[in-house]
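This is protein-v3.pdb. It holds PDB, C-alpha atoms and all ligand atoms.
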ATOM      1  CA  MET A   1    -177.863 -80.299 101.981  1.00  0.00           C
ATOM      2  CA  LYS A   2    -175.900 -77.351 103.243  1.00  0.00           C
ATOM      3  CA  ILE A   3    -175.794 -76.402 106.926  1.00  0.00           C
ATOM      4  CA  VAL A   4    -175.000 -72.795 107.854  1.00  0.00           C
ATOM      5  CA  PHE A   5    -174.347 -71.850 111.476  1.00  0.00           C
ATOM      6  CA  LEU A   6    -175.842 -68.353 111.711  1.00  0.00           C
ATOM      7  CA  GLY A   7    -174.948 -67.999 115.380  1.00  0.00           C
ATOM      8  CA  VAL A   8    -173.359 -70.271 117.961  1.00  0.00           C
ATOM      9  CA  GLY A   9    -173.740 -68.500 121.321  1.00  0.00           C
ATOM     10  CA  GLY A  10    -176.161 -68.925 124.195  1.00  0.00           C
ATOM     11  CA  TRP A  11    -178.280 -66.162 125.667  1.00  0.00           C
ATOM     12  CA  ILE A  12    -175.267 -64.657 127.420  1.00  0.00           C
ATOM     13  CA  SER A  13    -172.171 -64.953 125.281  1.00  0.00           C
ATOM     14  CA  ARG A  14    -169.727 -62.741 123.466  1.00  0.00           C
ATOM     15  CA  PRO A  15    -171.779 -60.689 120.992  1.00  0.00           C
ATOM     16  CA  LYS A  16    -169.819 -61.829 117.976  1.00  0.00           C
ATOM     17  CA  LEU A  17    -170.924 -65.443 118.598  1.00  0.00           C
ATOM     18  CA  GLY A  18    -174.571 -64.522 117.927  1.00  0.00           C
ATOM     19  CA  PHE A  19    -177.481 -66.660 119.134  1.00  0.00           C
ATOM     20  CA  THR A  20    -177.705 -70.305 118.162  1.00  0.00           C
ATOM     21  CA  SER A  21    -179.605 -70.581 114.866  1.00  0.00           C
ATOM     22  CA  ILE A  22    -178.876 -72.976 112.034  1.00  0.00           C
ATOM     23  CA  ALA A  23    -179.996 -72.792 108.406  1.00  0.00           C
ATOM     24  CA  VAL A  24    -180.533 -76.104 106.588  1.00  0.00           C
ATOM     25  CA  LEU A  25    -180.580 -75.529 102.848  1.00  0.00           C
ATOM     26  CA  GLY A  26    -181.653 -77.969 100.173  1.00  0.00           C
ATOM     27  CA  ARG A  27    -181.977 -77.384  96.468  1.00  0.00           C
ATOM     28  CA  TYR A  28    -185.358 -75.667  96.513  1.00  0.00           C
ATOM     29  CA  GLY A  29    -185.840 -74.225  99.955  1.00  0.00           C
ATOM     30  CA  GLY A  30    -184.649 -74.279 103.457  1.00  0.00           C
ATOM     31  CA  LEU A  31    -185.370 -74.585 107.128  1.00  0.00           C
ATOM     32  CA  LEU A  32    -184.254 -72.543 110.054  1.00  0.00           C
ATOM     33  CA  LEU A  33    -183.539 -74.357 113.301  1.00  0.00           C
ATOM     34  CA  ASP A  34    -184.279 -71.719 115.949  1.00  0.00           C
ATOM     35  CA  ALA A  35    -184.496 -67.997 115.387  1.00  0.00           C
ATOM     36  CA  GLY A  36    -182.722 -65.978 118.040  1.00  0.00           C
ATOM     37  CA  GLU A  37    -182.531 -62.221 118.240  1.00  0.00           C
ATOM     38  CA  GLY A  38    -181.100 -60.652 115.072  1.00  0.00           C
ATOM     39  CA  VAL A  39    -181.418 -63.817 112.976  1.00  0.00           C
ATOM     40  CA  TYR A  40    -182.499 -61.799 109.922  1.00  0.00           C
ATOM     41  CA  HIS A  41    -179.267 -59.799 110.073  1.00  0.00           C
ATOM     42  CA  ALA A  42    -177.275 -62.970 110.684  1.00  0.00           C
ATOM     43  CA  MET A  43    -178.769 -64.520 107.536  1.00  0.00           C
ATOM     44  CA  ASP A  44    -177.743 -61.481 105.533  1.00  0.00           C
ATOM     45  CA  ARG A  45    -174.227 -61.546 106.969  1.00  0.00           C
ATOM     46  CA  CYS A  46    -173.873 -65.251 106.195  1.00  0.00           C
ATOM     47  CA  GLY A  47    -175.281 -64.991 102.663  1.00  0.00           C
ATOM     48  CA  VAL A  48    -178.446 -67.009 103.372  1.00  0.00           C
ATOM     49  CA  ASP A  49    -181.333 -65.816 101.201  1.00  0.00           C
ATOM     50  CA  ILE A  50    -184.376 -65.017 103.358  1.00  0.00           C
ATOM     51  CA  ASN A  51    -186.587 -66.153 100.454  1.00  0.00           C
ATOM     52  CA  ALA A  52    -185.108 -69.632 100.725  1.00  0.00           C
ATOM     53  CA  ILE A  53    -186.519 -70.050 104.245  1.00  0.00           C
ATOM     54  CA  ASP A  54    -190.159 -71.079 104.418  1.00  0.00           C
ATOM     55  CA  THR A  55    -190.087 -73.198 107.599  1.00  0.00           C
ATOM     56  CA  VAL A  56    -188.768 -72.376 111.066  1.00  0.00           C
ATOM     57  CA  PHE A  57    -188.451 -75.003 113.793  1.00  0.00           C
ATOM     58  CA  LEU A  58    -188.404 -73.528 117.291  1.00  0.00           C
ATOM     59  CA  SER A  59    -186.949 -75.907 119.841  1.00  0.00           C
ATOM     60  CA  HIS A  60    -188.247 -74.128 122.952  1.00  0.00           C
ATOM     61  CA  ARG A  61    -189.507 -70.761 124.068  1.00  0.00           C
ATOM     62  CA  HIS A  62    -186.377 -69.191 125.568  1.00  0.00           C
ATOM     63  CA  GLY A  63    -185.618 -65.774 124.099  1.00  0.00           C
ATOM     64  CA  ASP A  64    -182.235 -66.726 122.642  1.00  0.00           C
ATOM     65  CA  HIS A  65    -184.153 -69.148 120.371  1.00  0.00           C
ATOM     66  CA  VAL A  66    -187.331 -67.228 119.429  1.00  0.00           C
ATOM     67  CA  LEU A  67    -186.788 -63.450 119.603  1.00  0.00           C
ATOM     68  CA  GLY A  68    -186.000 -63.226 115.870  1.00  0.00           C
ATOM     69  CA  ILE A  69    -189.454 -64.514 114.933  1.00  0.00           C
ATOM     70  CA  PRO A  70    -191.395 -61.192 114.848  1.00  0.00           C
ATOM     71  CA  THR A  71    -189.052 -59.834 112.158  1.00  0.00           C
ATOM     72  CA  LEU A  72    -189.356 -63.013 110.072  1.00  0.00           C
ATOM     73  CA  VAL A  73    -193.174 -62.812 110.278  1.00  0.00           C
ATOM     74  CA  GLN A  74    -193.143 -59.121 109.293  1.00  0.00           C
ATOM     75  CA  LEU A  75    -190.911 -59.980 106.319  1.00  0.00           C
ATOM     76  CA  ALA A  76    -193.298 -62.744 105.255  1.00  0.00           C
ATOM     77  CA  ARG A  77    -196.144 -60.197 105.379  1.00  0.00           C
ATOM     78  CA  TYR A  78    -194.111 -57.665 103.385  1.00  0.00           C
ATOM     79  CA  GLN A  79    -193.230 -60.278 100.767  1.00  0.00           C
ATOM     80  CA  HIS A  80    -196.790 -61.711 100.583  1.00  0.00           C
ATOM     81  CA  ARG A  81    -195.648 -65.197 101.432  1.00  0.00           C
ATOM     82  CA  ARG A  82    -196.319 -67.720 104.175  1.00  0.00           C
ATOM     83  CA  LEU A  83    -194.031 -68.940 106.901  1.00  0.00           C
ATOM     84  CA  ARG A  84    -194.387 -72.316 108.632  1.00  0.00           C
ATOM     85  CA  ILE A  85    -193.549 -72.307 112.335  1.00  0.00           C
ATOM     86  CA  VAL A  86    -193.005 -75.777 113.780  1.00  0.00           C
ATOM     87  CA  GLY A  87    -192.866 -76.364 117.519  1.00  0.00           C
ATOM     88  CA  SER A  88    -194.502 -77.737 120.627  1.00  0.00           C
ATOM     89  CA  ARG A  89    -197.786 -76.366 121.956  1.00  0.00           C
ATOM     90  CA  ASP A  90    -195.758 -74.500 124.594  1.00  0.00           C
ATOM     91  CA  VAL A  91    -193.680 -72.806 121.865  1.00  0.00           C
ATOM     92  CA  ILE A  92    -196.660 -71.924 119.682  1.00  0.00           C
ATOM     93  CA  GLU A  93    -198.560 -70.350 122.588  1.00  0.00           C
ATOM     94  CA  SER A  94    -195.451 -68.332 123.471  1.00  0.00           C
ATOM     95  CA  VAL A  95    -194.896 -67.188 119.877  1.00  0.00           C
ATOM     96  CA  ARG A  96    -198.524 -66.029 119.632  1.00  0.00           C
ATOM     97  CA  ALA A  97    -198.066 -64.042 122.861  1.00  0.00           C
ATOM     98  CA  LEU A  98    -194.759 -62.611 121.598  1.00  0.00           C
ATOM     99  CA  LEU A  99    -196.262 -61.508 118.273  1.00  0.00           C
ATOM    100  CA  SER A 100    -199.152 -59.806 120.106  1.00  0.00           C
ATOM    101  CA  ALA A 101    -196.795 -58.191 122.619  1.00  0.00           C
ATOM    102  CA  VAL A 102    -194.714 -56.538 119.912  1.00  0.00           C
ATOM    103  CA  GLY A 103    -197.676 -55.451 117.781  1.00  0.00           C
ATOM    104  CA  VAL A 104    -197.524 -58.005 114.958  1.00  0.00           C
ATOM    105  CA  ASN A 105    -201.247 -58.310 114.234  1.00  0.00           C
ATOM    106  CA  GLU A 106    -203.235 -60.498 111.812  1.00  0.00           C
ATOM    107  CA  TYR A 107    -200.249 -62.789 111.531  1.00  0.00           C
ATOM    108  CA  GLU A 108    -202.500 -65.793 110.744  1.00  0.00           C
ATOM    109  CA  LYS A 109    -202.591 -64.593 107.115  1.00  0.00           C
ATOM    110  CA  HIS A 110    -198.869 -65.226 106.855  1.00  0.00           C
ATOM    111  CA  VAL A 111    -198.108 -67.973 109.353  1.00  0.00           C
ATOM    112  CA  ASP A 112    -198.987 -71.670 109.460  1.00  0.00           C
ATOM    113  CA  PHE A 113    -198.345 -73.143 112.887  1.00  0.00           C
ATOM    114  CA  ILE A 114    -197.531 -76.864 112.959  1.00  0.00           C
ATOM    115  CA  GLU A 115    -197.746 -78.344 116.456  1.00  0.00           C
ATOM    116  CA  VAL A 116    -195.460 -81.323 117.072  1.00  0.00           C
ATOM    117  CA  GLY A 117    -194.419 -83.452 120.012  1.00  0.00           C
ATOM    118  CA  HIS A 118    -192.221 -86.341 121.092  1.00  0.00           C
ATOM    119  CA  GLY A 119    -192.131 -89.162 118.525  1.00  0.00           C
ATOM    120  CA  ASP A 120    -193.860 -87.187 115.767  1.00  0.00           C
ATOM    121  CA  LYS A 121    -192.702 -87.314 112.158  1.00  0.00           C
ATOM    122  CA  ILE A 122    -193.679 -84.718 109.551  1.00  0.00           C
ATOM    123  CA  SER A 123    -192.694 -83.908 105.954  1.00  0.00           C
ATOM    124  CA  VAL A 124    -192.212 -80.302 104.856  1.00  0.00           C
ATOM    125  CA  GLY A 125    -190.699 -79.070 101.601  1.00  0.00           C
ATOM    126  CA  GLY A 126    -188.887 -82.336 100.871  1.00  0.00           C
ATOM    127  CA  TYR A 127    -187.515 -82.635 104.421  1.00  0.00           C
ATOM    128  CA  VAL A 128    -188.549 -85.284 106.913  1.00  0.00           C
ATOM    129  CA  LEU A 129    -188.507 -84.055 110.505  1.00  0.00           C
ATOM    130  CA  ARG A 130    -188.662 -86.227 113.630  1.00  0.00           C
ATOM    131  CA  PHE A 131    -188.809 -84.956 117.173  1.00  0.00           C
ATOM    132  CA  ALA A 132    -187.790 -86.093 120.632  1.00  0.00           C
ATOM    133  CA  GLU A 133    -188.470 -84.435 123.961  1.00  0.00           C
ATOM    134  CA  VAL A 134    -185.263 -83.472 125.734  1.00  0.00           C
ATOM    135  CA  ARG A 135    -184.598 -82.177 129.272  1.00  0.00           C
ATOM    136  CA  HIS A 136    -184.363 -78.460 129.878  1.00  0.00           C
ATOM    137  CA  THR A 137    -185.907 -75.914 132.253  1.00  0.00           C
ATOM    138  CA  VAL A 138    -188.918 -75.483 129.921  1.00  0.00           C
ATOM    139  CA  PRO A 139    -190.411 -77.986 127.419  1.00  0.00           C
ATOM    140  CA  SER A 140    -187.751 -78.572 124.769  1.00  0.00           C
ATOM    141  CA  LEU A 141    -187.700 -80.621 121.549  1.00  0.00           C
ATOM    142  CA  ALA A 142    -184.718 -81.928 119.595  1.00  0.00           C
ATOM    143  CA  VAL A 143    -185.168 -82.454 115.857  1.00  0.00           C
ATOM    144  CA  ARG A 144    -183.785 -84.861 113.277  1.00  0.00           C
ATOM    145  CA  VAL A 145    -183.853 -83.545 109.689  1.00  0.00           C
ATOM    146  CA  GLU A 146    -183.502 -85.947 106.772  1.00  0.00           C
ATOM    147  CA  TYR A 147    -183.095 -84.810 103.191  1.00  0.00           C
ATOM    148  CA  GLU A 148    -182.033 -86.830 100.141  1.00  0.00           C
ATOM    149  CA  GLY A 149    -180.390 -89.553 102.219  1.00  0.00           C
ATOM    150  CA  ARG A 150    -178.536 -87.174 104.553  1.00  0.00           C
ATOM    151  CA  CYS A 151    -179.310 -86.429 108.154  1.00  0.00           C
ATOM    152  CA  VAL A 152    -178.668 -83.751 110.764  1.00  0.00           C
ATOM    153  CA  VAL A 153    -179.819 -83.656 114.391  1.00  0.00           C
ATOM    154  CA  TYR A 154    -180.097 -80.553 116.568  1.00  0.00           C
ATOM    155  CA  SER A 155    -180.232 -81.203 120.305  1.00  0.00           C
ATOM    156  CA  SER A 156    -181.949 -77.956 121.370  1.00  0.00           C
ATOM    157  CA  ASP A 157    -181.048 -76.847 124.921  1.00  0.00           C
ATOM    158  CA  THR A 158    -180.863 -79.928 127.098  1.00  0.00           C
ATOM    159  CA  THR A 159    -179.040 -81.759 129.792  1.00  0.00           C
ATOM    160  CA  PHE A 160    -177.844 -85.268 128.912  1.00  0.00           C
ATOM    161  CA  THR A 161    -180.753 -87.440 127.859  1.00  0.00           C
ATOM    162  CA  GLU A 162    -180.971 -90.961 126.453  1.00  0.00           C
ATOM    163  CA  ALA A 163    -183.707 -89.721 124.078  1.00  0.00           C
ATOM    164  CA  LEU A 164    -181.055 -88.127 121.849  1.00  0.00           C
ATOM    165  CA  ILE A 165    -179.339 -91.414 121.088  1.00  0.00           C
ATOM    166  CA  PRO A 166    -182.036 -93.113 118.982  1.00  0.00           C
ATOM    167  CA  LEU A 167    -182.940 -89.755 117.417  1.00  0.00           C
ATOM    168  CA  SER A 168    -179.320 -89.173 116.333  1.00  0.00           C
ATOM    169  CA  TYR A 169    -178.414 -92.742 115.455  1.00  0.00           C
ATOM    170  CA  GLY A 170    -176.165 -92.972 112.387  1.00  0.00           C
ATOM    171  CA  CYS A 171    -176.582 -89.306 111.460  1.00  0.00           C
ATOM    172  CA  ASP A 172    -174.088 -87.419 109.318  1.00  0.00           C
ATOM    173  CA  LEU A 173    -174.038 -84.516 111.763  1.00  0.00           C
ATOM    174  CA  LEU A 174    -175.080 -84.039 115.388  1.00  0.00           C
ATOM    175  CA  ILE A 175    -175.332 -80.404 116.490  1.00  0.00           C
ATOM    176  CA  HIS A 176    -175.276 -80.513 120.289  1.00  0.00           C
ATOM    177  CA  GLU A 177    -175.325 -77.741 122.874  1.00  0.00           C
ATOM    178  CA  VAL A 178    -172.407 -77.531 125.306  1.00  0.00           C
ATOM    179  CA  SER A 179    -173.251 -74.489 127.385  1.00  0.00           C
ATOM    180  CA  GLY A 180    -172.565 -76.130 130.730  1.00  0.00           C
ATOM    181  CA  TYR A 181    -168.879 -75.878 131.503  1.00  0.00           C
ATOM    182  CA  SER A 182    -169.020 -77.395 134.974  1.00  0.00           C
ATOM    183  CA  ASP A 183    -170.223 -80.711 136.359  1.00  0.00           C
ATOM    184  CA  ASP A 184    -173.418 -79.142 137.723  1.00  0.00           C
ATOM    185  CA  ALA A 185    -174.579 -78.155 134.200  1.00  0.00           C
ATOM    186  CA  ARG A 186    -177.508 -80.545 134.509  1.00  0.00           C
ATOM    187  CA  LEU A 187    -178.887 -78.507 137.412  1.00  0.00           C
ATOM    188  CA  TYR A 188    -179.410 -75.688 134.896  1.00  0.00           C
ATOM    189  CA  GLY A 189    -180.784 -77.873 132.098  1.00  0.00           C
ATOM    190  CA  HIS A 190    -177.615 -77.776 130.036  1.00  0.00           C
ATOM    191  CA  SER A 191    -174.950 -80.183 128.752  1.00  0.00           C
ATOM    192  CA  THR A 192    -171.188 -80.318 129.051  1.00  0.00           C
ATOM    193  CA  LEU A 193    -168.844 -81.203 126.208  1.00  0.00           C
ATOM    194  CA  TYR A 194    -168.547 -84.694 127.769  1.00  0.00           C
ATOM    195  CA  ASN A 195    -172.344 -85.139 127.556  1.00  0.00           C
ATOM    196  CA  ALA A 196    -172.315 -84.166 123.863  1.00  0.00           C
ATOM    197  CA  VAL A 197    -169.406 -86.498 123.158  1.00  0.00           C
ATOM    198  CA  GLU A 198    -171.211 -89.382 124.882  1.00  0.00           C
ATOM    199  CA  VAL A 199    -174.276 -88.891 122.667  1.00  0.00           C
ATOM    200  CA  ALA A 200    -172.053 -88.675 119.571  1.00  0.00           C
ATOM    201  CA  TYR A 201    -170.252 -91.947 120.428  1.00  0.00           C
ATOM    202  CA  ARG A 202    -173.318 -93.918 121.357  1.00  0.00           C
ATOM    203  CA  ALA A 203    -175.321 -92.671 118.373  1.00  0.00           C
ATOM    204  CA  ARG A 204    -172.391 -93.398 116.035  1.00  0.00           C
ATOM    205  CA  VAL A 205    -172.642 -90.071 114.253  1.00  0.00           C
ATOM    206  CA  LYS A 206    -169.984 -89.036 111.744  1.00  0.00           C
ATOM    207  CA  ARG A 207    -169.551 -85.451 112.936  1.00  0.00           C
ATOM    208  CA  LEU A 208    -170.257 -83.566 116.153  1.00  0.00           C
ATOM    209  CA  ALA A 209    -170.713 -79.786 115.974  1.00  0.00           C
ATOM    210  CA  ILE A 210    -170.869 -78.057 119.347  1.00  0.00           C
ATOM    211  CA  VAL A 211    -172.924 -74.886 119.818  1.00  0.00           C
ATOM    212  CA  HIS A 212    -174.670 -72.622 122.356  1.00  0.00           C
ATOM    213  CA  PHE A 213    -171.458 -71.469 123.992  1.00  0.00           C
ATOM    214  CA  TYR A 214    -171.710 -69.763 127.352  1.00  0.00           C
ATOM    215  CA  ILE A 215    -169.619 -66.570 127.208  1.00  0.00           C
ATOM    216  CA  ASP A 216    -167.051 -68.202 124.930  1.00  0.00           C
ATOM    217  CA  THR A 217    -166.037 -71.526 123.392  1.00  0.00           C
ATOM    218  CA  PRO A 218    -165.384 -74.275 125.960  1.00  0.00           C
ATOM    219  CA  PRO A 219    -161.893 -75.538 126.773  1.00  0.00           C
ATOM    220  CA  LEU A 220    -161.083 -78.541 124.570  1.00  0.00           C
ATOM    221  CA  ARG A 221    -158.985 -81.079 126.440  1.00  0.00           C
ATOM    222  CA  VAL A 222    -156.457 -83.119 124.496  1.00  0.00           C
ATOM    223  CA  GLU A 223    -157.828 -86.455 125.758  1.00  0.00           C
ATOM    224  CA  VAL A 224    -161.296 -85.583 124.447  1.00  0.00           C
ATOM    225  CA  LEU A 225    -159.931 -84.675 121.025  1.00  0.00           C
ATOM    226  CA  ARG A 226    -157.819 -87.857 120.950  1.00  0.00           C
ATOM    227  CA  SER A 227    -160.710 -90.136 121.864  1.00  0.00           C
ATOM    228  CA  LEU A 228    -163.016 -88.479 119.309  1.00  0.00           C
ATOM    229  CA  ALA A 229    -160.356 -89.119 116.661  1.00  0.00           C
ATOM    230  CA  GLU A 230    -160.056 -92.772 117.806  1.00  0.00           C
ATOM    231  CA  GLU A 231    -163.820 -93.202 117.556  1.00  0.00           C
ATOM    232  CA  GLY A 232    -163.792 -91.658 114.069  1.00  0.00           C
ATOM    233  CA  VAL A 233    -166.016 -88.715 115.040  1.00  0.00           C
ATOM    234  CA  GLU A 234    -165.036 -85.423 113.450  1.00  0.00           C
ATOM    235  CA  LEU A 235    -165.386 -82.493 115.895  1.00  0.00           C
ATOM    236  CA  ILE A 236    -166.547 -79.146 114.527  1.00  0.00           C
ATOM    237  CA  VAL A 237    -166.333 -75.952 116.596  1.00  0.00           C
ATOM    238  CA  PRO A 238    -168.243 -73.597 114.316  1.00  0.00           C
ATOM    239  CA  TYR A 239    -168.063 -69.826 114.232  1.00  0.00           C
ATOM    240  CA  PRO A 240    -170.893 -67.658 112.872  1.00  0.00           C
ATOM    241  CA  CYS A 241    -171.417 -68.202 109.123  1.00  0.00           C
ATOM    242  CA  TYR A 242    -169.408 -71.462 109.113  1.00  0.00           C
ATOM    243  CA  SER A 243    -171.030 -73.848 106.647  1.00  0.00           C
ATOM    244  CA  ILE A 244    -170.754 -77.518 105.835  1.00  0.00           C
ATOM    245  CA  GLU A 245    -172.108 -79.435 102.855  1.00  0.00           C
ATOM    246  CA  LEU A 246    -173.501 -82.913 103.635  1.00  0.00           C
ATOM    247  CA  GLU A 247    -173.347 -84.924 100.415  1.00  0.00           C
TER     248      GLU A 247
HETATM  249 ZN    ZN A 301    -180.596 -71.253 124.784  1.00  0.00          ZN
HETATM  250 ZN    ZN A 302    -182.998 -72.622 126.798  1.00  0.00          ZN
END
Would you mind giving the structure from this file in structure tokens?
Amino acid sequence: MKIVFLGVGGWISRPKLGFTSIAVLGRYGGLLLDAGEGVYHAMDRCGVDINAIDTVFLSHRHGDHVLGIPTLVQLARYQHRRLRIVGSRDVIESVRALLSAVGVNEYEKHVDFIEVGHGDKISVGGYVLRFAEVRHTVPSLAVRVEYEGRCVVYSSDTTFTEALIPLSYGCDLLIHEVSGYSDDARLYGHSTLYNAVEVAYRARVKRLAIVHFYIDTPPLRVEVLRSLAEEGVELIVPYPCYSIELE
């Protein structure tokens, strides 16, 4: 499966970083992990075919993760196709309110909502998705996506939580937020680079991609890079449209 980083910023970041959204593309269709503002344009810029996306997982209801949804629903209506939206009850209620607020009516004809929670496992379009509740300022779910023997985990917005370790265990790629650049990151429901690295080590993942940058990419200290190399974890600092093939 191919992973395309459509955006890598947080809500407030340099505009060129975009908002954190990740496309997961298999042979016959794809998933979107979060859909921040402008995600449709980001897909176009990154060469991701909108028709390939039939499922969107929304990790939590913050605007930098869901504000692209009305456009995706309008496109589904225009193209006479259906879109699956996967998320917690909190997310689904918020998306319904958002669609109403911006005048997207009769969306039920084009949208299937799939409500999920901690510990759930579902299969969609050849992908197996598992979920774990993480710790943020609103309800937030991390997701593990498995496809043809490969695996990617997306942390959502979260402070450090043990729940990510079993969810990520042995995965080919852990995509973890690092928007907290100071030790008090947890007070704001976010993780530091050290938190992400700890999850990567303990879950024995092969690669760690860091995302959801606050303002700009975080400083990378030499000792962190050295210890990641010693542990055999490849560090990826993606830019918008960066892609990686897991095979
Ligand atoms: Zn966010
Ligand atoms: Zn958030």
Point to revise | Non-local contacts of A:Tyr28 (10 Å; only C-alpha atoms; under 2 positions in same chain excluded) as a PyMOL selection string | key: chain A and resi 25-26+30+52-53+125-126
Those same residues - C-alpha atoms - I'd like them written as an mmCIF file, in the coordinates of the input.
data_model
loop_
_atom_site.group_PDB
_atom_site.id
_atom_site.type_symbol
_atom_site.label_atom_id
_atom_site.label_comp_id
_atom_site.auth_asym_id
_atom_site.auth_seq_id
_atom_site.Cartn_x
_atom_site.Cartn_y
_atom_site.Cartn_z
ATOM 1 C CA LEU A 25 -180.580 -75.529 102.848
ATOM 2 C CA GLY A 26 -181.653 -77.969 100.173
ATOM 3 C CA GLY A 30 -184.649 -74.279 103.457
ATOM 4 C CA ALA A 52 -185.108 -69.632 100.725
ATOM 5 C CA ILE A 53 -186.519 -70.050 104.245
ATOM 6 C CA GLY A 125 -190.699 -79.070 101.601
ATOM 7 C CA GLY A 126 -188.887 -82.336 100.871
#
Review point. Using all atoms listed in the file, which residues sit within 7 Å of stretch 193-201 of chain A once same-chain residues fewer than 4 positions away are excluded, as an NGL selection string?
Key: :A and (160 or 164-165 or 174 or 176 or 178 or 205 or 208)
Apply the PyMOL selection byres (((chain A and resi 128) around 8) and not hetatm) to the file shown and report the selected residues as a compact mmCIF listing (two decimals) with C-alpha atoms, in the frame of the given file.
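Writing done, so here's result12.txt:
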# COMPACT_ATOMS: atom_id res chain seq x y z
CA LYS A 121 -192.70 -87.31 112.16
CA ILE A 122 -193.68 -84.72 109.55
CA SER A 123 -192.69 -83.91 105.95
CA VAL A 124 -192.21 -80.30 104.86
CA GLY A 126 -188.89 -82.34 100.87
CA TYR A 127 -187.52 -82.64 104.42
CA LEU A 129 -188.51 -84.06 110.50
CA ARG A 130 -188.66 -86.23 113.63
CA ARG A 144 -183.78 -84.86 113.28
CA VAL A 145 -183.85 -83.54 109.69
CA GLU A 146 -183.50 -85.95 106.77
CA TYR A 147 -183.10 -84.81 103.19
Review point. Mind listing the residues within 9 Å of ligand ZN 302 (chain A), all atoms listed in the file counted, as JSON, numbers by chain?
Key: {"A": [10, 11, 59, 60, 61, 62, 63, 64, 65, 136, 137, 138, 140, 156, 157, 158, 189, 190]}
Export of the given selection (C-alpha atoms) as a PDB file, in the coordinates of the input:
ATOM      1  CA  GLY A  10    -176.161 -68.925 124.195  1.00  0.00           C
ATOM      2  CA  TRP A  11    -178.280 -66.162 125.667  1.00  0.00           C
ATOM      3  CA  SER A  59    -186.949 -75.907 119.841  1.00  0.00           C
ATOM      4  CA  HIS A  60    -188.247 -74.128 122.952  1.00  0.00           C
ATOM      5  CA  ARG A  61    -189.507 -70.761 124.068  1.00  0.00           C
ATOM      6  CA  HIS A  62    -186.377 -69.191 125.568  1.00  0.00           C
ATOM      7  CA  GLY A  63    -185.618 -65.774 124.099  1.00  0.00           C
ATOM      8  CA  ASP A  64    -182.235 -66.726 122.642  1.00  0.00           C
ATOM      9  CA  HIS A  65    -184.153 -69.148 120.371  1.00  0.00           C
ATOM     10  CA  HIS A 136    -184.363 -78.460 129.878  1.00  0.00           C
ATOM     11  CA  THR A 137    -185.907 -75.914 132.253  1.00  0.00           C
ATOM     12  CA  VAL A 138    -188.918 -75.483 129.921  1.00  0.00           C
ATOM     13  CA  SER A 140    -187.751 -78.572 124.769  1.00  0.00           C
ATOM     14  CA  SER A 156    -181.949 -77.956 121.370  1.00  0.00           C
ATOM     15  CA  ASP A 157    -181.048 -76.847 124.921  1.00  0.00           C
ATOM     16  CA  THR A 158    -180.863 -79.928 127.098  1.00  0.00           C
ATOM     17  CA  GLY A 189    -180.784 -77.873 132.098  1.00  0.00           C
ATOM     18  CA  HIS A 190    -177.615 -77.776 130.036  1.00  0.00           C
TER      19      HIS A 190
END
Point to revise | Pairwise distance for atom CA of A:Pro218 and atom CA of A:Gly232, rounded to one decimal in Å | key: 21.1 Å
Practice item. Go through A:Gln79, A:Ser100, A:Thr20, A:Ser191 one by one, measure the shortest atom-to-atom distance of each to ligand ZN 301 (chain A) using only C-alpha atoms and all ligand atoms, and give the residue with the smallest value. Key: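 Looking at the shortest contact to ligand ZN 301 (chain A), the residue is A:Thr20.
In this model, the gap between atom CA of A:Thr217 and atom CA of A:Met43 comes to 21.5 Å.
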Review point. For ligand ZN 301 (chain A), which of A:Arg89, A:Lys206, A:His212, A:Arg84 is the closest residue, counting all atoms listed in the file?
Key: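 Selected residue with least distance to ligand ZN 301 (chain A): A:His212.
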**Study point:** atom CA of A:Arg204 to atom CA of A:Ala35, distance in Å rounded to a single decimal
**Key:**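 Those two atoms sit 28.1 Å apart.
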Review point. What's the 8 Å shell around A:Val211, counting only C-alpha atoms, without same-chain residues fewer than 5 positions away, as a VMD selection string?
Key: chain A and resid 8 to 9 20 175 to 179 237 to 238
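Take the candidates A:Val4, A:Ile244, A:Leu67, A:Ala229 and check each one against A:Ala101 using all atoms listed in the file; the shortest distance goes to A:Leu67.
Among the candidates A:Glu247, A:Gly103, A:Gly87, A:Glu93, the residue lying nearest to A:Glu133 is A:Gly87 (atoms considered: all atoms listed in the file).
Comparing A:Cys171, A:Val143, A:Ile85, A:Val102 by their smallest distance to A:Asp120, the closest is A:Val143 (using all atoms listed in the file).
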